[in-house]
Amino acid sequence: MTSSAPYVDLDLFDEASLKNPFADYRRLRDAGALVRLARPDVYAVGRFADVQAALRSPNKLISGEGVGFSDVFNAPKGMNVIQSDGELHNRLRLTVMRPLAPATISKARDDLKVMVAARVDALKGKGWFDAMQELASFLPVQAISHLVGLPEVGRERMLAWAAATFNLIGPNQDPADLRAAMEVRDFIMELAEDSVRDGSWAGELFAATRSGKLSEVEARAAISAYLIPSLDTTILAKGHLLRNLTVNVEQWEAVKAQPDLARAAVIESVRLHSVLRWFSRVAAEDYEVDGAVLPKGARLMVLYGCANRDERRYEDPDRFVVTRDAKDQLSWGTGAHMCAGVHLARLEMEVLVEALIEADAKFEAGEPELGVNAGLHGFTKLPLRIV
Ligand code: HEM
């Protein structure tokens with residue numbers, strides 16, 4: 001027996017919902033396993049089990065028709081790891097993953113730790129500062145752009161490019177975002193071996209084109225996979241982590257008393273506040289969700305942040321609890337397209353917590369300002385004092 005998906009009159013791109021989507025997420029979960037949204041007119045899944053199953057069905061729910069809602073975002077198909085399927089996806093992902101494998105990334109741990117500890121030390125006792133600017137952005141912008149090996153001019157624009165690209169995945173296009181997307185495309189097309197740092201990730205990719213192991217198009221596709229999804233995501237996730245640790249004083253005291261909780265605190269923070277709100281898939285065949293059918297060819301919105309607050313999966317899901325076992329949380333996705341940068345992202349956050357523990361930091365937090373971005377959920381400002 002199949003049923004139709006209930007229609008839910010929700011606009012998840014309305015400014016109020018973008019700022020605080022959690023009540024809408026609950027309505028969506030309670031309405032059904034598979035629902036049909038009002039604006040835009042797409043299907044959606046938001047319960048934990050259904051989001052997990054959807055992400056683990058890459059042959060039935062494909063990414064190659066694009067993972068956003070706008071033609072602009074979905075257009076550059078072909079050599080795009082996130083928007084490809086099957087063999088092509090495997091090949092592109094292997095290239096992208098080369099410097100991001102856990103064993104390779106863990107070699108950067110000590111250097112990243114030293115850098116972030118020095119920054120925490122400089123901020124301690126300084127008075128109020130904006131933690132998004134001065135702490136959360138620090139490692140991604142300084143260290144990651146160095147690892148990727150991009151020229152200075154690129155580094156200055158990277159944050160604006162990333163924000164614009166994620167905003168373009170939604171149904172409404174802002175001309176300023178379109179201009180930024182063109183700029184990033186031109187920047188990547190103009191990169192050459194002599195404009196990137198020797199031995200860097202981009203340098204190695206260009207070297208592989210010289211030896212015939214990769215085509216230029218594949219090398220540039222991998223560089224854009226480092227450039228766009230690695231920055232705002234990790235910055236915003238660190239903002240949430242800092243906020244969660246500061247407003248939940250007893251949880252922070254628990255982490256300080258038992259430093260091996262640092263890792264679980266990071267995972268719990270990304271569960272509670274999924275920076276990447278959603279991506280979408282297209283049904284390659286009729287796809288059933290708990291008795292309701294997503295018809296072949298229809299687009300499905302897959303809501304990571306909604307799944308991570310599902311009371312069917314997590315007890316008291318709106319609370320930040322560092323002893324919770326949230327290893328299966330879906331902020332980094334799961335399955336074939338699971339985040340390629342997860343080890344780096346987690347490492348950056350772990351060394352930040354470790355540095356704060358070692359500094360025996362006590363915080364005072366001001367009111368954060370929330371950004372309005374169709375793809376990303378996070379702060380633009382986070383006033384903080386470390387004493
Ligand atoms: C907290 C930080 C991050 C979050 C929340 C995040 C989230 C995600 C999510 C949810 C996906 C799944 C996409 C899908 O299901 O279609 C993804 C894919 C991806 N991420 Fe991340 N990401 C983060 C950091 C990074 C970093 C640091 C990098 C690179 C250095 C990166 C590179 C990628 C790439 C290349 C993909 C595509 C993988 C594929 O399609 O096979 N991400 N990310």
# chains A, B, ... in the order shown; residues from 1 in each chain; ligands from 1

$ closest_atom_pairs --of "segment 153-255 of chain A" --to "segment 331-340 of chain A" --cutoff "12 Å" --atoms "only C-alpha atoms" --output "CSV"
residue,atom,partner,partner_atom,distance
A:Ala222,CA,A:Ala340,CA,11.1
A:Ala225,CA,A:Ala340,CA,9.0
A:Tyr226,CA,A:Ala340,CA,9.3
A:Pro229,CA,A:Cys339,CA,9.1
A:Ser230,CA,A:Ala340,CA,9.5
A:Thr233,CA,A:Trp332,CA,10.1
A:Thr234,CA,A:Trp332,CA,11.1
A:Ala237,CA,A:Ser331,CA,10.0

$ write_last_selection --atoms "C-alpha atoms" --output "PDB file, in the first residue's frame"
ATOM      1  CA  ALA A 222      39.479  19.199  -7.190  1.00  0.00           C
ATOM      2  CA  ALA A 225      36.233  21.165  -4.069  1.00  0.00           C
ATOM      3  CA  TYR A 226      38.842  22.461  -1.584  1.00  0.00           C
ATOM      4  CA  PRO A 229      33.155  23.711   0.918  1.00  0.00           C
ATOM      5  CA  SER A 230      36.078  23.963   3.341  1.00  0.00           C
ATOM      6  CA  THR A 233      31.495  25.394   6.903  1.00  0.00           C
ATOM      7  CA  THR A 234      34.353  24.998   9.371  1.00  0.00           C
ATOM      8  CA  ALA A 237      30.870  25.123  12.949  1.00  0.00           C
TER       9      ALA A 237
END

$ residues_around --residues "Ala262 of chain A" --least-positions-apart "2" --cutoff "12 Å" --atoms "only C-alpha atoms" --output "PyMOL selection string"
chain A and resi 241+245+251-260+264-269+321-323+346-358

$ select_by_dssp --residues "segment 255-384 of chain A" --states "alpha helix (DSSP H)" --output "MDAnalysis selection string"
chainID A and resid 255:257 262:272 304:307 342:358

$ write_last_selection --atoms "N, CA and C atoms" --output "mmCIF file, in the first residue's frame"
data_model
loop_
_atom_site.group_PDB
_atom_site.id
_atom_site.type_symbol
_atom_site.label_atom_id
_atom_site.label_comp_id
_atom_site.auth_asym_id
_atom_site.auth_seq_id
_atom_site.Cartn_x
_atom_site.Cartn_y
_atom_site.Cartn_z
ATOM 1 N N VAL A 255 34.029 19.061 30.275
ATOM 2 C CA VAL A 255 35.088 18.818 29.279
ATOM 3 C C VAL A 255 36.461 19.159 29.877
ATOM 4 N N LYS A 256 36.502 20.268 30.618
ATOM 5 C CA LYS A 256 37.799 20.646 31.217
ATOM 6 C C LYS A 256 38.245 19.592 32.235
ATOM 7 N N ALA A 257 37.267 19.032 32.963
ATOM 8 C CA ALA A 257 37.616 18.032 33.983
ATOM 9 C C ALA A 257 38.016 16.708 33.337
ATOM 10 N N ALA A 262 36.755 16.029 24.626
ATOM 11 C CA ALA A 262 36.850 17.066 23.578
ATOM 12 C C ALA A 262 36.243 16.579 22.269
ATOM 13 N N ARG A 263 36.568 15.359 21.907
ATOM 14 C CA ARG A 263 36.101 14.830 20.624
ATOM 15 C C ARG A 263 34.570 14.714 20.603
ATOM 16 N N ALA A 264 34.025 14.191 21.709
ATOM 17 C CA ALA A 264 32.564 14.028 21.774
ATOM 18 C C ALA A 264 31.880 15.393 21.787
ATOM 19 N N ALA A 265 32.521 16.378 22.410
ATOM 20 C CA ALA A 265 31.930 17.729 22.447
ATOM 21 C C ALA A 265 31.841 18.310 21.035
ATOM 22 N N VAL A 266 32.858 18.041 20.234
ATOM 23 C CA VAL A 266 32.850 18.529 18.849
ATOM 24 C C VAL A 266 31.701 17.868 18.076
ATOM 25 N N ILE A 267 31.587 16.563 18.220
ATOM 26 C CA ILE A 267 30.542 15.827 17.485
ATOM 27 C C ILE A 267 29.149 16.280 17.941
ATOM 28 N N GLU A 268 29.002 16.475 19.248
ATOM 29 C CA GLU A 268 27.701 16.893 19.777
ATOM 30 C C GLU A 268 27.346 18.290 19.262
ATOM 31 N N SER A 269 28.351 19.141 19.142
ATOM 32 C CA SER A 269 28.079 20.492 18.648
ATOM 33 C C SER A 269 27.669 20.465 17.176
ATOM 34 N N VAL A 270 28.350 19.646 16.369
ATOM 35 C CA VAL A 270 27.938 19.603 14.957
ATOM 36 C C VAL A 270 26.576 18.926 14.793
ATOM 37 N N ARG A 271 26.243 18.016 15.715
ATOM 38 C CA ARG A 271 24.897 17.430 15.666
ATOM 39 C C ARG A 271 23.837 18.503 15.924
ATOM 40 N N LEU A 272 24.050 19.233 17.026
ATOM 41 C CA LEU A 272 23.041 20.194 17.457
ATOM 42 C C LEU A 272 22.874 21.334 16.457
ATOM 43 N N TYR A 304 19.779 17.731 6.685
ATOM 44 C CA TYR A 304 20.715 17.222 7.699
ATOM 45 C C TYR A 304 20.383 17.765 9.093
ATOM 46 N N GLY A 305 20.183 19.092 9.150
ATOM 47 C CA GLY A 305 19.987 19.756 10.447
ATOM 48 C C GLY A 305 18.697 19.325 11.127
ATOM 49 N N CYS A 306 17.705 19.009 10.318
ATOM 50 C CA CYS A 306 16.413 18.559 10.843
ATOM 51 C C CYS A 306 16.558 17.141 11.406
ATOM 52 N N ALA A 307 17.268 16.292 10.678
ATOM 53 C CA ALA A 307 17.465 14.900 11.118
ATOM 54 C C ALA A 307 18.216 14.840 12.441
ATOM 55 N N VAL A 342 35.880 15.794 6.297
ATOM 56 C CA VAL A 342 35.450 15.583 7.679
ATOM 57 C C VAL A 342 36.629 15.465 8.661
ATOM 58 N N HIS A 343 37.698 14.800 8.261
ATOM 59 C CA HIS A 343 38.807 14.598 9.209
ATOM 60 C C HIS A 343 39.498 15.917 9.518
ATOM 61 N N LEU A 344 39.637 16.731 8.469
ATOM 62 C CA LEU A 344 40.250 18.045 8.673
ATOM 63 C C LEU A 344 39.342 18.933 9.523
ATOM 64 N N ALA A 345 38.056 18.948 9.195
ATOM 65 C CA ALA A 345 37.116 19.796 9.931
ATOM 66 C C ALA A 345 37.106 19.410 11.415
ATOM 67 N N ARG A 346 37.077 18.090 11.674
ATOM 68 C CA ARG A 346 37.020 17.624 13.063
ATOM 69 C C ARG A 346 38.313 17.963 13.797
ATOM 70 N N LEU A 347 39.426 17.768 13.085
ATOM 71 C CA LEU A 347 40.730 18.060 13.696
ATOM 72 C C LEU A 347 40.826 19.539 14.086
ATOM 73 N N GLU A 348 40.403 20.411 13.176
ATOM 74 C CA GLU A 348 40.467 21.849 13.475
ATOM 75 C C GLU A 348 39.683 22.184 14.734
ATOM 76 N N MET A 349 38.535 21.536 14.879
ATOM 77 C CA MET A 349 37.700 21.834 16.054
ATOM 78 C C MET A 349 38.269 21.196 17.314
ATOM 79 N N GLU A 350 38.817 20.002 17.171
ATOM 80 C CA GLU A 350 39.393 19.340 18.355
ATOM 81 C C GLU A 350 40.577 20.126 18.911
ATOM 82 N N VAL A 351 41.458 20.596 18.017
ATOM 83 C CA VAL A 351 42.631 21.325 18.542
ATOM 84 C C VAL A 351 42.198 22.643 19.192
ATOM 85 N N LEU A 352 41.104 23.215 18.687
ATOM 86 C CA LEU A 352 40.593 24.438 19.316
ATOM 87 C C LEU A 352 40.127 24.143 20.753
ATOM 88 N N VAL A 353 39.364 23.058 20.912
ATOM 89 C CA VAL A 353 38.891 22.712 22.269
ATOM 90 C C VAL A 353 40.089 22.391 23.168
ATOM 91 N N GLU A 354 41.041 21.634 22.644
ATOM 92 C CA GLU A 354 42.219 21.278 23.457
ATOM 93 C C GLU A 354 42.971 22.535 23.901
ATOM 94 N N ALA A 355 43.126 23.483 22.983
ATOM 95 C CA ALA A 355 43.847 24.714 23.326
ATOM 96 C C ALA A 355 43.092 25.491 24.411
ATOM 97 N N LEU A 356 41.772 25.495 24.322
ATOM 98 C CA LEU A 356 40.971 26.210 25.326
ATOM 99 C C LEU A 356 41.042 25.506 26.685
ATOM 100 N N ILE A 357 41.071 24.167 26.650
ATOM 101 C CA ILE A 357 41.197 23.415 27.912
ATOM 102 C C ILE A 357 42.547 23.752 28.552
ATOM 103 N N GLU A 358 43.599 23.687 27.730
ATOM 104 C CA GLU A 358 44.940 23.925 28.279
ATOM 105 C C GLU A 358 45.107 25.356 28.789
#

$ closest_residue --among "A:Gly64, A:Pro21, A:Gly341, A:Gly291" --to "Arg98 of chain A" --atoms "only C-alpha atoms"
A:Gly341

$ residues_around --residues "Arg185 of chain A" --least-positions-apart "4" --cutoff "10 Å" --atoms "only C-alpha atoms" --output "PyMOL selection string"
chain A and resi 161+179-181+189-190+220+224

$ residues_around --residues "Arg27 of chain A" --least-positions-apart "2" --cutoff "12 Å" --atoms "only C-alpha atoms" --output "list in words"
Pro6, Tyr7, Val8, Asp9, Leu10, Asp11, Leu12, Pro21, Phe22, Ala23, Asp24, Tyr25, Arg29, Asp30, Ala31, Gly32, Ala33, Val35, Leu37, Val45, Gly46, Arg47, Cys306, Arg309 and Asp310 of chain A

$ atom_distance --atom1 "atom CA of Asp325 of chain A" --atom2 "atom CA of Phe138 of chain A"
28.6 Å

$ closest_residue --among "A:Ser4, A:Asn373, A:Thr165, A:Gln83" --to "ligand 1" --atoms "only C-alpha atoms and all ligand atoms"
A:Gln83
